[in-house]
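Containing mmCIF, N, CA, C and O atoms: work_25.cif.
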data_data
#
loop_
_atom_site.label_atom_id
_atom_site.label_comp_id
_atom_site.auth_asym_id
_atom_site.auth_seq_id
_atom_site.Cartn_x
_atom_site.Cartn_y
_atom_site.Cartn_z
N MET A 338 -10.63 26.41 -1.20
CA MET A 338 -9.41 26.43 -1.97
C MET A 338 -8.61 25.15 -1.78
O MET A 338 -8.02 24.65 -2.69
N GLY A 339 -8.60 24.59 -0.57
CA GLY A 339 -7.89 23.35 -0.29
C GLY A 339 -8.47 22.17 -1.05
O GLY A 339 -7.77 21.25 -1.40
N ILE A 340 -9.76 22.19 -1.33
CA ILE A 340 -10.40 21.10 -2.05
C ILE A 340 -9.92 21.05 -3.49
O ILE A 340 -9.77 19.99 -4.07
N LEU A 341 -9.64 22.19 -4.08
CA LEU A 341 -9.16 22.22 -5.46
C LEU A 341 -7.78 21.57 -5.59
O LEU A 341 -7.45 21.04 -6.63
N ARG A 342 -6.99 21.62 -4.53
CA ARG A 342 -5.66 21.03 -4.58
C ARG A 342 -5.67 19.53 -4.32
O ARG A 342 -4.70 18.85 -4.58
N LEU A 343 -6.79 18.98 -3.82
CA LEU A 343 -6.86 17.57 -3.46
C LEU A 343 -6.51 16.63 -4.62
O LEU A 343 -5.70 15.73 -4.45
N PRO A 344 -7.07 16.81 -5.83
CA PRO A 344 -6.70 15.91 -6.93
C PRO A 344 -5.20 15.93 -7.23
O PRO A 344 -4.60 14.88 -7.50
N SER A 345 -4.56 17.09 -7.17
CA SER A 345 -3.13 17.14 -7.45
C SER A 345 -2.33 16.49 -6.32
O SER A 345 -1.30 15.86 -6.56
N MET A 346 -2.82 16.62 -5.08
CA MET A 346 -2.14 15.98 -3.96
C MET A 346 -2.24 14.46 -4.07
O MET A 346 -1.27 13.75 -3.83
N ILE A 347 -3.41 13.95 -4.46
CA ILE A 347 -3.59 12.51 -4.63
C ILE A 347 -2.71 12.01 -5.76
O ILE A 347 -2.06 10.98 -5.64
N SER A 348 -2.66 12.75 -6.85
CA SER A 348 -1.81 12.37 -7.97
C SER A 348 -0.35 12.30 -7.55
O SER A 348 0.37 11.36 -7.90
N SER A 349 0.10 13.27 -6.78
CA SER A 349 1.49 13.28 -6.29
C SER A 349 1.76 12.09 -5.39
O SER A 349 2.80 11.45 -5.50
N ALA A 350 0.83 11.79 -4.51
CA ALA A 350 1.00 10.65 -3.60
C ALA A 350 1.07 9.35 -4.39
O ALA A 350 1.87 8.47 -4.06
N LYS A 351 0.24 9.22 -5.42
CA LYS A 351 0.27 8.02 -6.25
C LYS A 351 1.63 7.86 -6.91
O LYS A 351 2.19 6.76 -6.96
N GLN A 352 2.17 8.95 -7.43
CA GLN A 352 3.47 8.90 -8.09
C GLN A 352 4.56 8.50 -7.09
O GLN A 352 5.45 7.72 -7.42
N ILE A 353 4.49 9.04 -5.88
CA ILE A 353 5.50 8.71 -4.86
C ILE A 353 5.42 7.24 -4.51
O ILE A 353 6.45 6.55 -4.43
N LEU A 354 4.20 6.73 -4.28
CA LEU A 354 4.05 5.32 -3.92
C LEU A 354 4.53 4.41 -5.05
O LEU A 354 5.22 3.43 -4.80
N LYS A 355 4.18 4.73 -6.29
CA LYS A 355 4.65 3.92 -7.41
C LYS A 355 6.17 3.98 -7.53
O LYS A 355 6.82 2.97 -7.76
N LYS A 356 6.74 5.16 -7.37
CA LYS A 356 8.18 5.33 -7.46
C LYS A 356 8.87 4.50 -6.37
O LYS A 356 9.85 3.81 -6.63
N GLN A 357 8.34 4.56 -5.15
CA GLN A 357 8.92 3.77 -4.06
C GLN A 357 8.84 2.29 -4.37
O GLN A 357 9.78 1.55 -4.10
N SER A 358 7.72 1.85 -4.95
CA SER A 358 7.57 0.43 -5.22
C SER A 358 8.59 -0.05 -6.25
O SER A 358 9.13 -1.14 -6.12
N PHE A 359 8.90 0.76 -7.26
CA PHE A 359 9.88 0.37 -8.26
C PHE A 359 11.31 0.47 -7.72
O PHE A 359 12.15 -0.37 -7.99
N GLN A 360 11.60 1.50 -6.94
CA GLN A 360 12.94 1.69 -6.43
C GLN A 360 13.34 0.63 -5.43
O GLN A 360 14.50 0.27 -5.33
N THR A 361 12.40 0.13 -4.66
CA THR A 361 12.73 -0.79 -3.58
C THR A 361 12.52 -2.25 -3.95
O THR A 361 12.70 -3.12 -3.12
N ARG A 362 12.18 -2.51 -5.17
CA ARG A 362 11.90 -3.88 -5.59
C ARG A 362 13.09 -4.81 -5.30
O ARG A 362 12.91 -5.93 -4.87
N ASN A 363 14.29 -4.36 -5.54
CA ASN A 363 15.47 -5.19 -5.35
C ASN A 363 16.31 -4.73 -4.16
O ASN A 363 17.47 -5.07 -4.06
N MET A 364 15.72 -3.96 -3.27
CA MET A 364 16.45 -3.42 -2.15
C MET A 364 15.81 -3.87 -0.85
O MET A 364 14.66 -4.29 -0.83
N ASN A 365 16.56 -3.75 0.23
CA ASN A 365 16.00 -4.02 1.54
C ASN A 365 14.99 -2.94 1.90
O ASN A 365 15.05 -1.83 1.39
N VAL A 366 14.10 -3.28 2.79
CA VAL A 366 13.10 -2.33 3.24
C VAL A 366 13.73 -1.43 4.30
O VAL A 366 14.32 -1.92 5.26
N PRO A 367 13.62 -0.11 4.16
CA PRO A 367 14.22 0.79 5.14
C PRO A 367 13.56 0.65 6.51
O PRO A 367 12.40 0.26 6.62
N LYS A 368 14.30 1.01 7.52
CA LYS A 368 13.79 0.97 8.88
C LYS A 368 12.56 1.89 8.98
O LYS A 368 12.56 3.00 8.45
N GLY A 369 11.52 1.38 9.65
CA GLY A 369 10.30 2.17 9.80
C GLY A 369 9.29 1.93 8.69
O GLY A 369 8.24 2.59 8.67
N TYR A 370 9.57 1.02 7.79
CA TYR A 370 8.68 0.73 6.66
C TYR A 370 8.42 -0.77 6.59
O TYR A 370 9.15 -1.56 7.18
N VAL A 371 7.40 -1.14 5.86
CA VAL A 371 7.07 -2.54 5.64
C VAL A 371 6.71 -2.71 4.16
O VAL A 371 6.10 -1.83 3.56
N ALA A 372 7.13 -3.83 3.59
CA ALA A 372 6.80 -4.13 2.20
C ALA A 372 5.51 -4.93 2.17
O ALA A 372 5.33 -5.86 2.96
N VAL A 373 4.62 -4.57 1.28
CA VAL A 373 3.38 -5.32 1.08
C VAL A 373 3.19 -5.55 -0.41
O VAL A 373 3.64 -4.75 -1.24
N TYR A 374 2.57 -6.66 -0.73
CA TYR A 374 2.24 -6.98 -2.12
C TYR A 374 0.75 -6.77 -2.29
O TYR A 374 -0.05 -7.28 -1.50
N VAL A 375 0.38 -6.02 -3.32
CA VAL A 375 -1.00 -5.62 -3.51
C VAL A 375 -1.48 -6.05 -4.89
O VAL A 375 -0.77 -5.88 -5.88
N GLY A 376 -2.66 -6.59 -4.93
CA GLY A 376 -3.27 -6.94 -6.21
C GLY A 376 -4.22 -8.11 -6.07
O GLY A 376 -4.12 -8.90 -5.15
N GLU A 377 -5.13 -8.18 -7.00
CA GLU A 377 -6.09 -9.28 -7.02
C GLU A 377 -5.77 -10.27 -8.13
O GLU A 377 -6.38 -11.32 -8.22
N GLN A 378 -4.81 -9.94 -8.95
CA GLN A 378 -4.41 -10.81 -10.05
C GLN A 378 -3.18 -11.62 -9.64
O GLN A 378 -2.65 -11.44 -8.55
N LEU A 379 -2.71 -12.47 -10.53
CA LEU A 379 -1.49 -13.24 -10.26
C LEU A 379 -0.29 -12.32 -10.10
O LEU A 379 0.57 -12.55 -9.26
N GLU A 380 -0.23 -11.29 -10.92
CA GLU A 380 0.87 -10.32 -10.86
C GLU A 380 0.55 -9.29 -9.79
O GLU A 380 -0.44 -8.57 -9.88
N LYS A 381 1.36 -9.21 -8.77
CA LYS A 381 1.12 -8.28 -7.68
C LYS A 381 2.21 -7.21 -7.68
O LYS A 381 3.32 -7.44 -8.12
N THR A 382 1.87 -6.05 -7.16
CA THR A 382 2.81 -4.93 -7.09
C THR A 382 3.31 -4.79 -5.67
O THR A 382 2.53 -4.87 -4.72
N ARG A 383 4.61 -4.58 -5.52
CA ARG A 383 5.21 -4.41 -4.21
C ARG A 383 5.23 -2.92 -3.85
O ARG A 383 5.67 -2.09 -4.64
N PHE A 384 4.73 -2.61 -2.66
CA PHE A 384 4.75 -1.25 -2.14
C PHE A 384 5.50 -1.27 -0.82
O PHE A 384 5.43 -2.24 -0.07
N VAL A 385 6.21 -0.21 -0.55
CA VAL A 385 6.87 -0.03 0.74
C VAL A 385 6.17 1.13 1.42
O VAL A 385 6.17 2.25 0.91
N VAL A 386 5.54 0.84 2.56
CA VAL A 386 4.73 1.85 3.25
C VAL A 386 5.24 2.03 4.67
O VAL A 386 5.82 1.11 5.26
N PRO A 387 5.03 3.20 5.25
CA PRO A 387 5.44 3.43 6.64
C PRO A 387 4.69 2.50 7.60
O PRO A 387 3.51 2.21 7.38
N ILE A 388 5.36 2.04 8.63
CA ILE A 388 4.69 1.14 9.58
C ILE A 388 3.55 1.85 10.31
O ILE A 388 2.66 1.19 10.84
N SER A 389 3.56 3.17 10.32
CA SER A 389 2.46 3.90 10.96
C SER A 389 1.12 3.58 10.30
O SER A 389 0.07 3.69 10.93
N TYR A 390 1.14 3.17 9.02
CA TYR A 390 -0.09 2.80 8.33
C TYR A 390 -0.77 1.61 9.00
O TYR A 390 -1.98 1.46 8.93
N LEU A 391 0.02 0.76 9.65
CA LEU A 391 -0.54 -0.44 10.27
C LEU A 391 -1.54 -0.11 11.37
O LEU A 391 -2.40 -0.92 11.70
N ASN A 392 -1.45 1.07 11.95
CA ASN A 392 -2.37 1.48 13.01
C ASN A 392 -3.65 2.12 12.49
O ASN A 392 -4.59 2.32 13.24
N HIS A 393 -3.69 2.45 11.22
CA HIS A 393 -4.86 3.12 10.65
C HIS A 393 -6.00 2.10 10.49
O HIS A 393 -5.79 1.01 9.97
N PRO A 394 -7.21 2.44 10.95
CA PRO A 394 -8.34 1.49 10.87
C PRO A 394 -8.62 0.96 9.47
O PRO A 394 -8.92 -0.23 9.30
N SER A 395 -8.49 1.79 8.45
CA SER A 395 -8.74 1.33 7.07
C SER A 395 -7.69 0.32 6.64
O SER A 395 -8.00 -0.66 5.95
N PHE A 396 -6.45 0.54 7.04
CA PHE A 396 -5.38 -0.40 6.69
C PHE A 396 -5.58 -1.71 7.46
O PHE A 396 -5.34 -2.79 6.93
N GLN A 397 -6.03 -1.61 8.70
CA GLN A 397 -6.30 -2.81 9.49
C GLN A 397 -7.42 -3.63 8.85
O GLN A 397 -7.39 -4.87 8.90
N ASP A 398 -8.39 -2.97 8.23
CA ASP A 398 -9.43 -3.70 7.49
C ASP A 398 -8.82 -4.51 6.35
O ASP A 398 -9.19 -5.66 6.12
N LEU A 399 -7.86 -3.91 5.64
CA LEU A 399 -7.17 -4.63 4.57
C LEU A 399 -6.40 -5.82 5.12
O LEU A 399 -6.39 -6.91 4.53
N LEU A 400 -5.76 -5.64 6.27
CA LEU A 400 -5.02 -6.74 6.89
C LEU A 400 -5.96 -7.86 7.30
O LEU A 400 -5.63 -9.04 7.18
N HIS A 401 -7.14 -7.51 7.78
CA HIS A 401 -8.14 -8.52 8.15
C HIS A 401 -8.58 -9.30 6.91
O HIS A 401 -8.74 -10.52 6.96
N GLN A 402 -8.77 -8.60 5.78
CA GLN A 402 -9.13 -9.27 4.53
C GLN A 402 -8.02 -10.23 4.12
O GLN A 402 -8.29 -11.35 3.66
N ALA A 403 -6.77 -9.81 4.28
CA ALA A 403 -5.64 -10.67 3.93
C ALA A 403 -5.63 -11.91 4.81
O ALA A 403 -5.37 -13.03 4.35
N GLU A 404 -5.92 -11.73 6.09
CA GLU A 404 -5.96 -12.86 7.02
C GLU A 404 -7.06 -13.84 6.61
O GLU A 404 -6.86 -15.05 6.63
N GLN A 405 -8.22 -13.32 6.23
CA GLN A 405 -9.34 -14.17 5.83
C GLN A 405 -9.00 -14.96 4.56
O GLN A 405 -9.36 -16.12 4.44
N GLU A 406 -8.30 -14.31 3.63
CA GLU A 406 -8.02 -14.96 2.35
C GLU A 406 -6.81 -15.88 2.40
O GLU A 406 -6.82 -16.97 1.84
N PHE A 407 -5.75 -15.45 3.08
CA PHE A 407 -4.49 -16.20 3.04
C PHE A 407 -4.10 -16.85 4.36
O PHE A 407 -3.21 -17.69 4.38
N GLY A 408 -4.70 -16.43 5.47
CA GLY A 408 -4.21 -16.91 6.77
C GLY A 408 -2.79 -16.41 6.93
O GLY A 408 -2.50 -15.25 6.73
N PHE A 409 -1.90 -17.31 7.28
CA PHE A 409 -0.49 -16.94 7.41
C PHE A 409 0.34 -17.51 6.27
O PHE A 409 1.56 -17.51 6.31
N ASN A 410 -0.31 -17.99 5.24
CA ASN A 410 0.37 -18.56 4.08
C ASN A 410 0.23 -17.59 2.91
O ASN A 410 -0.66 -17.72 2.08
N HIS A 411 1.12 -16.61 2.85
CA HIS A 411 1.07 -15.62 1.78
C HIS A 411 1.85 -16.12 0.58
O HIS A 411 3.04 -16.43 0.71
N PRO A 412 1.23 -16.20 -0.58
CA PRO A 412 1.87 -16.78 -1.76
C PRO A 412 3.11 -16.03 -2.25
O PRO A 412 3.98 -16.62 -2.88
N MET A 413 3.23 -14.75 -1.95
CA MET A 413 4.37 -13.98 -2.42
C MET A 413 5.55 -14.07 -1.44
O MET A 413 6.61 -13.51 -1.69
N GLY A 414 5.35 -14.74 -0.32
CA GLY A 414 6.41 -14.84 0.66
C GLY A 414 6.45 -13.65 1.61
O GLY A 414 7.23 -13.60 2.53
N GLY A 415 5.62 -12.67 1.38
CA GLY A 415 5.52 -11.48 2.22
C GLY A 415 4.06 -11.18 2.45
O GLY A 415 3.18 -11.93 2.05
N LEU A 416 3.78 -10.09 3.08
CA LEU A 416 2.41 -9.70 3.35
C LEU A 416 1.71 -9.35 2.05
O LEU A 416 2.11 -8.43 1.34
N THR A 417 0.66 -10.11 1.72
CA THR A 417 -0.09 -9.91 0.49
C THR A 417 -1.46 -9.39 0.83
O THR A 417 -2.16 -9.97 1.66
N ILE A 418 -1.85 -8.29 0.21
CA ILE A 418 -3.15 -7.67 0.46
C ILE A 418 -4.03 -7.84 -0.77
O ILE A 418 -3.68 -7.36 -1.85
N PRO A 419 -5.16 -8.54 -0.62
CA PRO A 419 -6.05 -8.78 -1.76
C PRO A 419 -6.93 -7.56 -2.04
O PRO A 419 -8.07 -7.47 -1.63
N CYS A 420 -6.35 -6.60 -2.72
CA CYS A 420 -7.03 -5.33 -2.97
C CYS A 420 -6.59 -4.83 -4.34
O CYS A 420 -5.46 -5.06 -4.76
N ASP A 421 -7.48 -4.16 -5.02
CA ASP A 421 -7.13 -3.54 -6.29
C ASP A 421 -6.03 -2.50 -6.06
O ASP A 421 -6.08 -1.74 -5.09
N GLU A 422 -5.04 -2.49 -6.92
CA GLU A 422 -3.90 -1.59 -6.75
C GLU A 422 -4.31 -0.11 -6.69
O GLU A 422 -3.84 0.63 -5.83
N ASP A 423 -5.22 0.30 -7.55
CA ASP A 423 -5.67 1.70 -7.53
C ASP A 423 -6.41 2.03 -6.24
O ASP A 423 -6.24 3.12 -5.69
N ALA A 424 -7.21 1.09 -5.75
CA ALA A 424 -7.93 1.31 -4.48
C ALA A 424 -6.94 1.44 -3.33
O ALA A 424 -7.11 2.29 -2.44
N PHE A 425 -5.87 0.62 -3.35
CA PHE A 425 -4.85 0.70 -2.31
C PHE A 425 -4.14 2.05 -2.34
O PHE A 425 -3.93 2.69 -1.31
N ILE A 426 -3.80 2.51 -3.52
CA ILE A 426 -3.12 3.80 -3.66
C ILE A 426 -4.03 4.93 -3.19
O ILE A 426 -3.58 5.82 -2.46
N ASN A 427 -5.29 4.88 -3.58
CA ASN A 427 -6.23 5.92 -3.14
C ASN A 427 -6.39 5.91 -1.62
O ASN A 427 -6.43 6.98 -1.00
N LEU A 428 -6.48 4.72 -1.04
CA LEU A 428 -6.63 4.63 0.41
C LEU A 428 -5.41 5.18 1.13
O LEU A 428 -5.53 6.03 2.01
N THR A 429 -4.23 4.72 0.75
CA THR A 429 -3.02 5.17 1.44
C THR A 429 -2.71 6.63 1.16
O THR A 429 -2.12 7.31 2.00
N SER A 430 -3.15 7.14 0.01
CA SER A 430 -2.96 8.56 -0.28
C SER A 430 -3.76 9.42 0.68
O SER A 430 -3.35 10.52 1.05
N SER A 431 -4.90 8.91 1.09
CA SER A 431 -5.74 9.66 2.04
C SER A 431 -5.09 9.75 3.42
O SER A 431 -5.42 10.64 4.18
N PHE A 432 -4.19 8.85 3.74
CA PHE A 432 -3.51 8.89 5.05
C PHE A 432 -2.64 10.12 5.18
O PHE A 432 -2.42 10.61 6.26
N HIS A 433 -2.11 10.63 4.07
CA HIS A 433 -1.23 11.80 4.09
C HIS A 433 -1.98 13.07 4.46
O HIS A 433 -1.39 14.01 4.97
N SER A 434 -3.28 13.09 4.21
CA SER A 434 -4.05 14.32 4.45
C SER A 434 -4.59 14.39 5.87
O SER A 434 -5.26 15.35 6.21
N LEU A 435 -4.34 13.37 6.69
CA LEU A 435 -4.87 13.39 8.06
C LEU A 435 -4.03 14.23 8.97
O LEU A 435 -2.93 14.51 8.84
#
Show this structure as structure tokens.
Amino acid sequence: MGILRLPSMISSAKQILKKQSFQTRNMNVPKGYVAVYVGEQLEKTRFVVPISYLNHPSFQDLLHQAEQEFGFNHPMGGLTIPCDEDAFINLTSSFHSL
């Protein structure tokens, strides 16, 4: 029964992440969160995620990819993750189910 709810839970998480990214675009990042820019194109999307994500092995893999691609020179002026936006949302959505 829990498996049937998984698609709706992922959809809800995607909506929350997108909503957070639009709401915080012109605002400071709340305490306990970090802003990241995600995308493989010139236009990147800003997401605000809990700092607890930084400890997750899958997120650390993304950070390693960012280090390999950008070093410490991030073109957006903040942490930029070279990942498809949908893949990022799917990955971070899975963190909620742990």
Nearest to Thr417 of chain A, restricted to all atoms listed in the file and choosing among A:Gln402, A:Ser430, A:Asn365, A:Gln397, comes out as A:Gln402
Might you spell out which residues the PyMOL selection byres ((chain A and resi 386) around 6) would select in the displayed file, as a list in words? Gly369, Tyr370, Val371, Ala372, Val373, Phe384, Val385, Pro387, Ile388 and Ser389 of chain A
Got time to write the residues from that selection, N, CA, C and O atoms, as a PDB file, in the coordinates of the input?
ATOM      1  N   GLY A 369      11.520   1.380   9.650  1.00  0.00           N
ATOM      2  CA  GLY A 369      10.300   2.170   9.800  1.00  0.00           C
ATOM      3  C   GLY A 369       9.290   1.930   8.690  1.00  0.00           C
ATOM      4  O   GLY A 369       8.240   2.590   8.670  1.00  0.00           O
ATOM      5  N   TYR A 370       9.570   1.020   7.790  1.00  0.00           N
ATOM      6  CA  TYR A 370       8.680   0.730   6.660  1.00  0.00           C
ATOM      7  C   TYR A 370       8.420  -0.770   6.590  1.00  0.00           C
ATOM      8  O   TYR A 370       9.150  -1.560   7.180  1.00  0.00           O
ATOM      9  N   VAL A 371       7.400  -1.140   5.860  1.00  0.00           N
ATOM     10  CA  VAL A 371       7.070  -2.540   5.640  1.00  0.00           C
ATOM     11  C   VAL A 371       6.710  -2.710   4.160  1.00  0.00           C
ATOM     12  O   VAL A 371       6.100  -1.830   3.560  1.00  0.00           O
ATOM     13  N   ALA A 372       7.130  -3.830   3.590  1.00  0.00           N
ATOM     14  CA  ALA A 372       6.800  -4.130   2.200  1.00  0.00           C
ATOM     15  C   ALA A 372       5.510  -4.930   2.170  1.00  0.00           C
ATOM     16  O   ALA A 372       5.330  -5.860   2.960  1.00  0.00           O
ATOM     17  N   VAL A 373       4.620  -4.570   1.280  1.00  0.00           N
ATOM     18  CA  VAL A 373       3.380  -5.320   1.080  1.00  0.00           C
ATOM     19  C   VAL A 373       3.190  -5.550  -0.410  1.00  0.00           C
ATOM     20  O   VAL A 373       3.640  -4.750  -1.240  1.00  0.00           O
ATOM     21  N   PHE A 384       4.730  -2.610  -2.660  1.00  0.00           N
ATOM     22  CA  PHE A 384       4.750  -1.250  -2.140  1.00  0.00           C
ATOM     23  C   PHE A 384       5.500  -1.270  -0.820  1.00  0.00           C
ATOM     24  O   PHE A 384       5.430  -2.240  -0.070  1.00  0.00           O
ATOM     25  N   VAL A 385       6.210  -0.210  -0.550  1.00  0.00           N
ATOM     26  CA  VAL A 385       6.870  -0.030   0.740  1.00  0.00           C
ATOM     27  C   VAL A 385       6.170   1.130   1.420  1.00  0.00           C
ATOM     28  O   VAL A 385       6.170   2.250   0.910  1.00  0.00           O
ATOM     29  N   PRO A 387       5.030   3.200   5.250  1.00  0.00           N
ATOM     30  CA  PRO A 387       5.440   3.430   6.640  1.00  0.00           C
ATOM     31  C   PRO A 387       4.690   2.500   7.600  1.00  0.00           C
ATOM     32  O   PRO A 387       3.510   2.210   7.380  1.00  0.00           O
ATOM     33  N   ILE A 388       5.360   2.040   8.630  1.00  0.00           N
ATOM     34  CA  ILE A 388       4.690   1.140   9.580  1.00  0.00           C
ATOM     35  C   ILE A 388       3.550   1.850  10.310  1.00  0.00           C
ATOM     36  O   ILE A 388       2.660   1.190  10.840  1.00  0.00           O
ATOM     37  N   SER A 389       3.560   3.170  10.320  1.00  0.00           N
ATOM     38  CA  SER A 389       2.460   3.900  10.960  1.00  0.00           C
ATOM     39  C   SER A 389       1.120   3.580  10.300  1.00  0.00           C
ATOM     40  O   SER A 389       0.070   3.690  10.930  1.00  0.00           O
TER      41      SER A 389
END
Identify, with DSSP run on backbone atoms, the residues in segment 383-416 of chain A assigned to helix (DSSP H, G or I), and express the list as a count of residues only. 19
Using only the atoms of segment 405-408 of chain A listed in the file, plus 8 Å on each side, state the axis-aligned box centre and edge lengths in Å rounded to one decimal, as lines of an AutoDock Vina configuration file.
center_x = -5.9
center_y = -15.5
center_z = 4.4
size_x = 22.9
size_y = 20.4
size_z = 21.1
So which residues touch Pro394 of chain A within 12 Å, counting only C-alpha atoms, skipping near sequence neighbours fewer than 4 positions away, as a VMD selection string? chain A and resid 389 to 390 398 to 401 428 to 429 432
Do a neighbour search on Gly376 of chain A at 9 Å with only C-alpha atoms, toss out local chain neighbours closer than 2 positions, and write the hits as a list of chain:residue names.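 Listing them by chain and then by number gives A:Tyr374, A:Gln378, A:Leu379, A:Glu380, A:Lys381, A:Thr382, A:Thr417, A:Ile418, A:Pro419, A:Cys420, A:Asp421, A:Glu422, A:Phe425.
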Separation of atom CA of His433 of chain A and atom O of Phe396 of chain A, in Å?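 Spanning atom CA of His433 of chain A to atom O of Phe396 of chain A is a straight-line distance of 15.4 Å.
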Atom C of Val375 of chain A to atom O of Leu416 of chain A, straight-line distance in Å: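 Pair atom O of Leu416 of chain A / atom C of Val375 of chain A returns 7.6 Å.
The space between atom O of His393 of chain A and atom CA of Ile426 of chain A spans 14.2 Å.
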